[in-house]
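See below for the structure under consideration.
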Amino acid sequence: MSSSPLHAVYTRLYDHYGPQHWWPAETPFEVIVGAILTQNTAWRNVERALVRLKERGLLSPAAMSAADLDVLEDTIRLAGYFRAKARTLRGVLALLHERYGGDLNRMLAEPGATLRVQLLRVRGIGPETADSILLYAAGRPVFVIDAYTRRMLSRTGLAPAERLSYQELQDLFHRQLPPNPDLFGEYHALIVALGKDCCHKQKPRCGACPLRELCAWGQGKGPSPLPSGKN
DNA sequence: GCCCAGGTGGGTA
DNA sequence: TACCCACATGGG
């Protein structure tokens, strides 16, 4: 089958970590909310905020739309940037009601390119959040590029990720992989697993890394894995 | 106390 | 275009 470098990386990660069963959510709406709450935020704190939203009965489009702003802000406070994220959630709900009559299924059935444009028009939704929603809530074959993806590409030498745009990196995956939403979803989840396991920002644990044979850092050829000064 | 965490948008040169 | 910064909370 396809033996592109990125497919080879996928095979290694899958063999090492196994299926990740992503996105961790029970409904498409929960995927959307989680994608917004996790912006530059540890997932642990997002989970807590999602639990609070459930406890207060706010994890549905209708209920969240009816909630007062200060209640919404207070409920998601643990996820950080709570004012900005509450505003973004309201922006998505406004889009849902104004363009799709409040029907989430209708919104998610929109052609992918159109939905992406609509999502990007919401203040607080950038390419990664939009693509997370497209992939994990709408089931579209778009690859999500995040900080973990950039780090993996950069350290393995597969791409100079720090110098390439989001679009360029996404194109890289789209060119080398078949457009399969299940594959894309699993792959991104595996990259996150790699990032949390060993491909840390400042303290990588290359000895335990399933990519160490492909990776300059793992081979000791890259920058010092344990920089003594600032990085 | 410092750095980090599944980003985004606005301002400035 | 390329940086710089604010946005906020919790954990190591």
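Following the order of the structure tokens, chains are lettered A, B, ..., residues in each are numbered from 1, and ligands are numbered from 1.
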
Q.
Taking 2 positions as the minimum chain separation for residues in the same chain, which residues sit within 12 Å of Leu37 of chain A when counting only C-alpha atoms (C1' of nucleotides)? Answer as a VMD selection string.
A. (chain A and resid 30 to 35 39 to 50 53 73 75 to 89 124 to 125 129 132) or (chain B and resid 5 to 7) or (chain C and resid 8 to 9)

Please identify which residues in chain A DSSP calls helix (DSSP H, G or I) from the backbone, and express them as a tab-separated table (two decimals) with N, CA and C atoms, in the first residue's frame.
chain	number	residue	atom	x	y	z
A	5	PRO	N	6.36	8.66	3.64
A	5	PRO	CA	6.94	8.85	4.97
A	5	PRO	C	5.88	9.06	6.05
A	6	LEU	N	4.87	9.84	5.74
A	6	LEU	CA	3.85	10.10	6.76
A	6	LEU	C	2.99	8.88	7.03
A	7	HIS	N	2.81	8.02	6.03
A	7	HIS	CA	2.06	6.80	6.29
A	7	HIS	C	2.89	5.83	7.13
A	8	ALA	N	4.20	5.84	6.88
A	8	ALA	CA	5.08	4.99	7.69
A	8	ALA	C	5.05	5.43	9.15
A	9	VAL	N	5.02	6.73	9.39
A	9	VAL	CA	4.95	7.25	10.76
A	9	VAL	C	3.63	6.80	11.40
A	10	TYR	N	2.56	6.89	10.63
A	10	TYR	CA	1.26	6.47	11.16
A	10	TYR	C	1.31	5.01	11.61
A	11	THR	N	1.88	4.16	10.76
A	11	THR	CA	1.94	2.74	11.08
A	11	THR	C	2.71	2.50	12.38
A	12	ARG	N	3.81	3.20	12.52
A	12	ARG	CA	4.60	3.05	13.75
A	12	ARG	C	3.82	3.49	14.99
A	13	LEU	N	3.17	4.64	14.86
A	13	LEU	CA	2.42	5.16	16.01
A	13	LEU	C	1.27	4.23	16.36
A	14	TYR	N	0.59	3.74	15.34
A	14	TYR	CA	-0.57	2.86	15.59
A	14	TYR	C	-0.10	1.55	16.23
A	15	ASP	N	1.01	1.01	15.71
A	15	ASP	CA	1.52	-0.24	16.28
A	15	ASP	C	1.93	-0.05	17.73
A	16	HIS	N	2.42	1.13	18.04
A	16	HIS	CA	2.93	1.38	19.40
A	16	HIS	C	1.80	1.73	20.38
A	17	TYR	N	0.92	2.62	19.97
A	17	TYR	CA	-0.09	3.13	20.91
A	17	TYR	C	-1.46	2.47	20.76
A	28	PRO	N	-21.79	15.36	18.72
A	28	PRO	CA	-21.10	16.35	17.87
A	28	PRO	C	-21.01	17.72	18.54
A	29	PHE	N	-22.05	18.10	19.27
A	29	PHE	CA	-21.99	19.41	19.94
A	29	PHE	C	-20.89	19.44	20.99
A	30	GLU	N	-20.73	18.32	21.68
A	30	GLU	CA	-19.65	18.24	22.67
A	30	GLU	C	-18.29	18.33	22.00
A	31	VAL	N	-18.17	17.79	20.80
A	31	VAL	CA	-16.92	17.93	20.04
A	31	VAL	C	-16.64	19.40	19.76
A	32	ILE	N	-17.66	20.11	19.32
A	32	ILE	CA	-17.50	21.53	18.99
A	32	ILE	C	-17.07	22.32	20.23
A	33	VAL	N	-17.77	22.09	21.33
A	33	VAL	CA	-17.45	22.82	22.56
A	33	VAL	C	-16.04	22.47	23.03
A	34	GLY	N	-15.69	21.18	22.99
A	34	GLY	CA	-14.35	20.76	23.41
A	34	GLY	C	-13.27	21.36	22.53
A	35	ALA	N	-13.53	21.45	21.23
A	35	ALA	CA	-12.54	22.00	20.30
A	35	ALA	C	-12.25	23.46	20.61
A	36	ILE	N	-13.26	24.17	21.05
A	36	ILE	CA	-13.07	25.59	21.42
A	36	ILE	C	-12.39	25.69	22.78
A	37	LEU	N	-12.84	24.89	23.73
A	37	LEU	CA	-12.29	25.00	25.09
A	37	LEU	C	-10.83	24.57	25.16
A	43	TRP	N	-6.00	19.46	28.24
A	43	TRP	CA	-7.29	18.78	28.10
A	43	TRP	C	-7.91	18.47	29.47
A	44	ARG	N	-7.06	18.25	30.46
A	44	ARG	CA	-7.55	17.96	31.81
A	44	ARG	C	-8.53	19.05	32.28
A	45	ASN	N	-8.16	20.29	32.02
A	45	ASN	CA	-9.01	21.40	32.44
A	45	ASN	C	-10.26	21.51	31.57
A	46	VAL	N	-10.13	21.12	30.31
A	46	VAL	CA	-11.29	21.11	29.42
A	46	VAL	C	-12.31	20.09	29.91
A	47	GLU	N	-11.82	18.93	30.32
A	47	GLU	CA	-12.72	17.89	30.82
A	47	GLU	C	-13.55	18.39	32.00
A	48	ARG	N	-12.86	19.08	32.91
A	48	ARG	CA	-13.57	19.61	34.08
A	48	ARG	C	-14.66	20.59	33.67
A	49	ALA	N	-14.32	21.44	32.71
A	49	ALA	CA	-15.31	22.42	32.25
A	49	ALA	C	-16.49	21.71	31.58
A	50	LEU	N	-16.20	20.66	30.82
A	50	LEU	CA	-17.28	19.91	30.16
A	50	LEU	C	-18.18	19.23	31.19
A	51	VAL	N	-17.56	18.70	32.25
A	51	VAL	CA	-18.36	18.09	33.32
A	51	VAL	C	-19.29	19.12	33.95
A	52	ARG	N	-18.76	20.31	34.19
A	52	ARG	CA	-19.60	21.36	34.79
A	52	ARG	C	-20.73	21.76	33.85
A	53	LEU	N	-20.42	21.83	32.55
A	53	LEU	CA	-21.48	22.15	31.58
A	53	LEU	C	-22.57	21.09	31.62
A	54	LYS	N	-22.17	19.82	31.72
A	54	LYS	CA	-23.15	18.73	31.79
A	54	LYS	C	-23.96	18.83	33.08
A	55	GLU	N	-23.26	19.07	34.18
A	55	GLU	CA	-23.95	19.16	35.47
A	55	GLU	C	-25.01	20.26	35.47
A	61	PRO	N	-27.15	22.69	22.20
A	61	PRO	CA	-27.26	24.01	21.56
A	61	PRO	C	-28.39	24.85	22.16
A	62	ALA	N	-29.53	24.24	22.39
A	62	ALA	CA	-30.68	25.01	22.90
A	62	ALA	C	-30.40	25.55	24.30
A	63	ALA	N	-29.88	24.68	25.17
A	63	ALA	CA	-29.64	25.10	26.55
A	63	ALA	C	-28.54	26.15	26.62
A	64	MET	N	-27.47	25.94	25.88
A	64	MET	CA	-26.38	26.91	25.93
A	64	MET	C	-26.82	28.25	25.34
A	65	SER	N	-27.66	28.20	24.33
A	65	SER	CA	-28.15	29.44	23.73
A	65	SER	C	-29.00	30.24	24.71
A	66	ALA	N	-29.69	29.53	25.59
A	66	ALA	CA	-30.59	30.19	26.53
A	66	ALA	C	-29.87	30.68	27.78
A	69	LEU	N	-24.80	34.97	29.73
A	69	LEU	CA	-23.37	35.00	29.45
A	69	LEU	C	-22.54	34.78	30.70
A	70	ASP	N	-22.93	35.41	31.79
A	70	ASP	CA	-22.11	35.28	33.01
A	70	ASP	C	-22.16	33.85	33.56
A	71	VAL	N	-23.29	33.18	33.36
A	71	VAL	CA	-23.39	31.77	33.79
A	71	VAL	C	-22.49	30.90	32.91
A	72	LEU	N	-22.53	31.14	31.62
A	72	LEU	CA	-21.68	30.37	30.71
A	72	LEU	C	-20.21	30.59	31.03
A	73	GLU	N	-19.84	31.84	31.24
A	73	GLU	CA	-18.44	32.16	31.57
A	73	GLU	C	-18.02	31.46	32.86
A	74	ASP	N	-18.85	31.51	33.86
A	74	ASP	CA	-18.50	30.90	35.14
A	74	ASP	C	-18.37	29.39	35.01
A	75	THR	N	-19.20	28.80	34.17
A	75	THR	CA	-19.19	27.34	34.03
A	75	THR	C	-17.93	26.84	33.34
A	77	ARG	N	-15.01	28.47	33.33
A	77	ARG	CA	-13.87	29.22	33.88
A	77	ARG	C	-12.61	28.36	33.99
A	78	LEU	N	-12.77	27.10	34.40
A	78	LEU	CA	-11.62	26.22	34.63
A	78	LEU	C	-10.81	25.97	33.37
A	79	ALA	N	-11.40	26.19	32.20
A	79	ALA	CA	-10.68	25.93	30.95
A	79	ALA	C	-9.85	27.13	30.50
A	82	PHE	N	-11.75	32.26	29.69
A	82	PHE	CA	-13.19	31.95	29.72
A	82	PHE	C	-14.06	33.00	29.06
A	83	ARG	N	-13.63	34.27	29.12
A	83	ARG	CA	-14.45	35.30	28.46
A	83	ARG	C	-14.39	35.14	26.95
A	84	ALA	N	-13.18	34.96	26.44
A	84	ALA	CA	-13.02	34.80	24.98
A	84	ALA	C	-13.73	33.54	24.48
A	85	LYS	N	-13.60	32.47	25.25
A	85	LYS	CA	-14.20	31.20	24.80
A	85	LYS	C	-15.72	31.24	24.89
A	86	ALA	N	-16.25	31.90	25.91
A	86	ALA	CA	-17.70	32.05	26.00
A	86	ALA	C	-18.22	32.84	24.80
A	87	ARG	N	-17.50	33.87	24.42
A	87	ARG	CA	-17.90	34.67	23.26
A	87	ARG	C	-17.84	33.83	21.98
A	88	THR	N	-16.81	32.99	21.88
A	88	THR	CA	-16.68	32.13	20.70
A	88	THR	C	-17.82	31.12	20.64
A	89	LEU	N	-18.15	30.52	21.78
A	89	LEU	CA	-19.27	29.57	21.82
A	89	LEU	C	-20.55	30.26	21.35
A	90	ARG	N	-20.76	31.46	21.83
A	90	ARG	CA	-21.95	32.21	21.41
A	90	ARG	C	-21.91	32.53	19.92
A	91	GLY	N	-20.73	32.76	19.40
A	91	GLY	CA	-20.59	33.02	17.98
A	91	GLY	C	-21.00	31.82	17.14
A	92	VAL	N	-20.61	30.64	17.60
A	92	VAL	CA	-21.00	29.41	16.88
A	92	VAL	C	-22.51	29.21	16.97
A	93	LEU	N	-23.07	29.47	18.15
A	93	LEU	CA	-24.52	29.32	18.31
A	93	LEU	C	-25.26	30.31	17.43
A	94	ALA	N	-24.72	31.51	17.28
A	94	ALA	CA	-25.34	32.51	16.40
A	94	ALA	C	-25.32	32.02	14.96
A	95	LEU	N	-24.19	31.47	14.55
A	95	LEU	CA	-24.09	30.90	13.20
A	95	LEU	C	-25.11	29.78	13.02
A	96	LEU	N	-25.18	28.91	14.02
A	96	LEU	CA	-26.11	27.78	13.96
A	96	LEU	C	-27.55	28.24	13.77
A	97	HIS	N	-27.94	29.26	14.50
A	97	HIS	CA	-29.33	29.71	14.44
A	97	HIS	C	-29.61	30.56	13.20
A	98	GLU	N	-28.66	31.43	12.87
A	98	GLU	CA	-28.91	32.36	11.77
A	98	GLU	C	-28.83	31.70	10.40
A	99	ARG	N	-27.97	30.71	10.26
A	99	ARG	CA	-27.79	30.12	8.93
A	99	ARG	C	-28.44	28.75	8.79
A	100	TYR	N	-28.59	28.05	9.93
A	100	TYR	CA	-29.10	26.67	9.86
A	100	TYR	C	-30.36	26.46	10.69
A	104	LEU	N	-28.39	21.47	14.17
A	104	LEU	CA	-26.97	21.12	14.12
A	104	LEU	C	-26.68	20.11	13.01
A	105	ASN	N	-27.59	19.16	12.82
A	105	ASN	CA	-27.37	18.17	11.76
A	105	ASN	C	-27.31	18.84	10.38
A	106	ARG	N	-28.14	19.85	10.23
A	106	ARG	CA	-28.13	20.59	8.97
A	106	ARG	C	-26.80	21.33	8.78
A	107	MET	N	-26.33	21.89	9.86
A	107	MET	CA	-25.05	22.60	9.79
A	107	MET	C	-23.92	21.63	9.43
A	108	LEU	N	-23.91	20.48	10.07
A	108	LEU	CA	-22.82	19.53	9.85
A	108	LEU	C	-22.92	18.85	8.50
A	112	GLY	N	-18.15	20.64	3.10
A	112	GLY	CA	-17.03	20.93	3.98
A	112	GLY	C	-16.39	22.28	3.75
A	113	ALA	N	-16.14	22.62	2.50
A	113	ALA	CA	-15.46	23.88	2.21
A	113	ALA	C	-16.30	25.07	2.66
A	114	THR	N	-17.62	24.97	2.47
A	114	THR	CA	-18.53	26.05	2.87
A	114	THR	C	-18.57	26.16	4.39
A	115	LEU	N	-18.70	25.02	5.06
A	115	LEU	CA	-18.77	25.04	6.52
A	115	LEU	C	-17.49	25.60	7.11
A	116	ARG	N	-16.36	25.26	6.50
A	116	ARG	CA	-15.08	25.77	7.00
A	116	ARG	C	-15.05	27.30	6.93
A	117	VAL	N	-15.49	27.84	5.81
A	117	VAL	CA	-15.52	29.29	5.66
A	117	VAL	C	-16.43	29.92	6.71
A	118	GLN	N	-17.60	29.32	6.91
A	118	GLN	CA	-18.54	29.86	7.89
A	118	GLN	C	-17.94	29.83	9.31
A	119	LEU	N	-17.29	28.72	9.65
A	119	LEU	CA	-16.70	28.60	10.98
A	119	LEU	C	-15.57	29.62	11.18
A	120	LEU	N	-14.77	29.82	10.14
A	120	LEU	CA	-13.64	30.74	10.25
A	120	LEU	C	-14.09	32.19	10.38
A	127	PRO	N	-8.00	28.05	12.02
A	127	PRO	CA	-7.96	26.85	11.19
A	127	PRO	C	-7.97	25.54	11.98
A	128	GLU	N	-7.24	25.49	13.09
A	128	GLU	CA	-7.20	24.21	13.81
A	128	GLU	C	-8.56	23.86	14.42
A	129	THR	N	-9.19	24.83	15.05
A	129	THR	CA	-10.49	24.57	15.65
A	129	THR	C	-11.53	24.23	14.57
A	130	ALA	N	-11.51	24.96	13.47
A	130	ALA	CA	-12.45	24.69	12.38
A	130	ALA	C	-12.25	23.27	11.85
A	131	ASP	N	-10.99	22.89	11.66
A	131	ASP	CA	-10.71	21.56	11.11
A	131	ASP	C	-11.02	20.45	12.10
A	132	SER	N	-10.83	20.71	13.39
A	132	SER	CA	-11.21	19.72	14.40
A	132	SER	C	-12.70	19.46	14.32
A	133	ILE	N	-13.48	20.52	14.14
A	133	ILE	CA	-14.93	20.38	14.04
A	133	ILE	C	-15.30	19.66	12.74
A	134	LEU	N	-14.65	20.04	11.65
A	134	LEU	CA	-14.93	19.39	10.37
A	134	LEU	C	-14.63	17.90	10.42
A	135	LEU	N	-13.51	17.55	11.02
A	135	LEU	CA	-13.10	16.15	11.06
A	135	LEU	C	-13.90	15.34	12.07
A	136	TYR	N	-13.94	15.80	13.31
A	136	TYR	CA	-14.48	14.97	14.38
A	136	TYR	C	-15.98	15.14	14.62
A	147	ALA	N	0.05	21.95	17.59
A	147	ALA	CA	1.42	22.13	18.08
A	147	ALA	C	2.17	20.80	18.11
A	148	TYR	N	1.48	19.72	18.49
A	148	TYR	CA	2.13	18.41	18.53
A	148	TYR	C	2.55	17.96	17.13
A	149	THR	N	1.70	18.25	16.16
A	149	THR	CA	2.01	17.86	14.78
A	149	THR	C	3.26	18.58	14.29
A	150	ARG	N	3.31	19.87	14.57
A	150	ARG	CA	4.47	20.66	14.15
A	150	ARG	C	5.74	20.13	14.81
A	151	ARG	N	5.66	19.81	16.10
A	151	ARG	CA	6.84	19.32	16.81
A	151	ARG	C	7.31	17.99	16.25
A	152	MET	N	6.36	17.11	15.97
A	152	MET	CA	6.71	15.80	15.43
A	152	MET	C	7.39	15.96	14.07
A	153	LEU	N	6.83	16.77	13.20
A	153	LEU	CA	7.38	16.96	11.86
A	153	LEU	C	8.78	17.58	11.93
A	154	SER	N	8.91	18.55	12.81
A	154	SER	CA	10.17	19.26	12.93
A	154	SER	C	11.28	18.34	13.47
A	155	ARG	N	10.98	17.58	14.51
A	155	ARG	CA	12.00	16.76	15.14
A	155	ARG	C	12.38	15.54	14.31
A	156	THR	N	11.43	15.03	13.56
A	156	THR	CA	11.77	13.88	12.71
A	156	THR	C	12.46	14.33	11.44
A	161	ALA	N	8.62	22.45	10.04
A	161	ALA	CA	7.28	22.90	10.42
A	161	ALA	C	7.24	24.32	10.95
A	162	GLU	N	8.32	24.74	11.60
A	162	GLU	CA	8.30	26.09	12.18
A	162	GLU	C	8.30	27.17	11.09
A	163	ARG	N	8.70	26.77	9.87
A	163	ARG	CA	8.75	27.76	8.79
A	163	ARG	C	7.60	27.62	7.80
A	166	TYR	N	0.13	26.79	8.19
A	166	TYR	CA	-0.86	25.75	8.50
A	166	TYR	C	-1.26	25.04	7.22
A	167	GLN	N	-1.58	25.83	6.20
A	167	GLN	CA	-2.06	25.27	4.94
A	167	GLN	C	-1.02	24.37	4.29
A	168	GLU	N	0.23	24.80	4.32
A	168	GLU	CA	1.30	24.00	3.71
A	168	GLU	C	1.46	22.66	4.43
A	169	LEU	N	1.37	22.68	5.75
A	169	LEU	CA	1.50	21.44	6.51
A	169	LEU	C	0.30	20.53	6.27
A	170	GLN	N	-0.87	21.12	6.21
A	170	GLN	CA	-2.06	20.31	5.95
A	170	GLN	C	-1.97	19.68	4.56
A	171	ASP	N	-1.50	20.44	3.59
A	171	ASP	CA	-1.35	19.91	2.23
A	171	ASP	C	-0.41	18.71	2.21
A	172	LEU	N	0.62	18.78	3.06
A	172	LEU	CA	1.59	17.68	3.14
A	172	LEU	C	0.88	16.38	3.50
A	173	PHE	N	0.02	16.43	4.51
A	173	PHE	CA	-0.72	15.23	4.92
A	173	PHE	C	-1.73	14.83	3.85
A	174	HIS	N	-2.40	15.82	3.27
A	174	HIS	CA	-3.42	15.52	2.27
A	174	HIS	C	-2.82	14.87	1.02
A	175	ARG	N	-1.60	15.22	0.70
A	175	ARG	CA	-0.95	14.65	-0.48
A	175	ARG	C	-0.49	13.22	-0.23
A	176	GLN	N	-0.10	12.94	1.03
A	176	GLN	CA	0.54	11.64	1.29
A	176	GLN	C	-0.42	10.58	1.82
A	181	PRO	N	-11.56	9.99	6.67
A	181	PRO	CA	-11.77	10.67	7.97
A	181	PRO	C	-11.34	9.80	9.16
A	182	ASP	N	-11.58	8.50	9.08
A	182	ASP	CA	-11.19	7.63	10.19
A	182	ASP	C	-9.67	7.60	10.34
A	183	LEU	N	-8.99	7.52	9.22
A	183	LEU	CA	-7.52	7.54	9.24
A	183	LEU	C	-7.00	8.88	9.78
A	184	PHE	N	-7.55	9.97	9.29
A	184	PHE	CA	-7.11	11.30	9.73
A	184	PHE	C	-7.36	11.49	11.23
A	185	GLY	N	-8.52	11.04	11.66
A	185	GLY	CA	-8.87	11.21	13.07
A	185	GLY	C	-7.97	10.39	13.98
A	186	GLU	N	-7.70	9.18	13.56
A	186	GLU	CA	-6.82	8.30	14.34
A	186	GLU	C	-5.39	8.83	14.35
A	187	TYR	N	-4.95	9.29	13.20
A	187	TYR	CA	-3.57	9.79	13.07
A	187	TYR	C	-3.35	11.00	13.99
A	188	HIS	N	-4.26	11.95	13.93
A	188	HIS	CA	-4.09	13.14	14.78
A	188	HIS	C	-4.09	12.75	16.26
A	189	ALA	N	-4.97	11.83	16.63
A	189	ALA	CA	-5.01	11.37	18.02
A	189	ALA	C	-3.70	10.70	18.40
A	190	LEU	N	-3.11	9.94	17.49
A	190	LEU	CA	-1.84	9.27	17.77
A	190	LEU	C	-0.70	10.27	17.92
A	191	ILE	N	-0.74	11.34	17.15
A	191	ILE	CA	0.28	12.38	17.28
A	191	ILE	C	0.18	13.06	18.65
A	192	VAL	N	-1.04	13.25	19.13
A	192	VAL	CA	-1.23	13.83	20.46
A	192	VAL	C	-0.72	12.86	21.53
A	193	ALA	N	-1.00	11.57	21.32
A	193	ALA	CA	-0.50	10.56	22.27
A	193	ALA	C	1.02	10.59	22.31
A	194	LEU	N	1.65	10.70	21.15
A	194	LEU	CA	3.11	10.81	21.06
A	194	LEU	C	3.59	12.05	21.82
A	195	GLY	N	2.92	13.16	21.61
A	195	GLY	CA	3.31	14.41	22.23
A	195	GLY	C	3.23	14.33	23.74
A	196	LYS	N	2.18	13.70	24.25
A	196	LYS	CA	2.02	13.62	25.70
A	196	LYS	C	2.97	12.59	26.30
A	197	ASP	N	3.30	11.57	25.51
A	197	ASP	CA	4.12	10.47	26.01
A	197	ASP	C	5.60	10.84	26.05
A	206	CYS	N	13.27	10.69	24.57
A	206	CYS	CA	13.50	10.03	23.29
A	206	CYS	C	13.69	8.52	23.42
A	207	GLY	N	14.16	8.08	24.57
A	207	GLY	CA	14.38	6.64	24.75
A	207	GLY	C	13.11	5.84	24.62
A	208	ALA	N	11.99	6.44	24.98
A	208	ALA	CA	10.71	5.73	24.95
A	208	ALA	C	9.93	6.01	23.68

Wanna dump the chain C-chain A contacts at 12 Å for me, each residue with its shortest atom pair and the distance in Å to one decimal, counting only C-alpha atoms (C1' of nucleotides), ordered by chain and number, as CSV?
residue,atom,partner,partner_atom,distance
C:DA2,C1',A:Arg163,CA,11.5
C:DA6,C1',A:Tyr81,CA,10.2
C:DC7,C1',A:Tyr81,CA,5.5
C:DA8,C1',A:Gly80,CA,4.3
C:DT9,C1',A:Gly80,CA,4.4
C:DG10,C1',A:Asn45,CA,7.1
C:DG11,C1',A:Ala42,CA,9.1
C:DG12,C1',A:Lys203,CA,11.8

Q | Which of A:Glu26, A:Asp146, A:Asp103, A:Glu110 sits closest to chain B [using only C-alpha atoms (C1' of nucleotides)] | A | A:Asp146
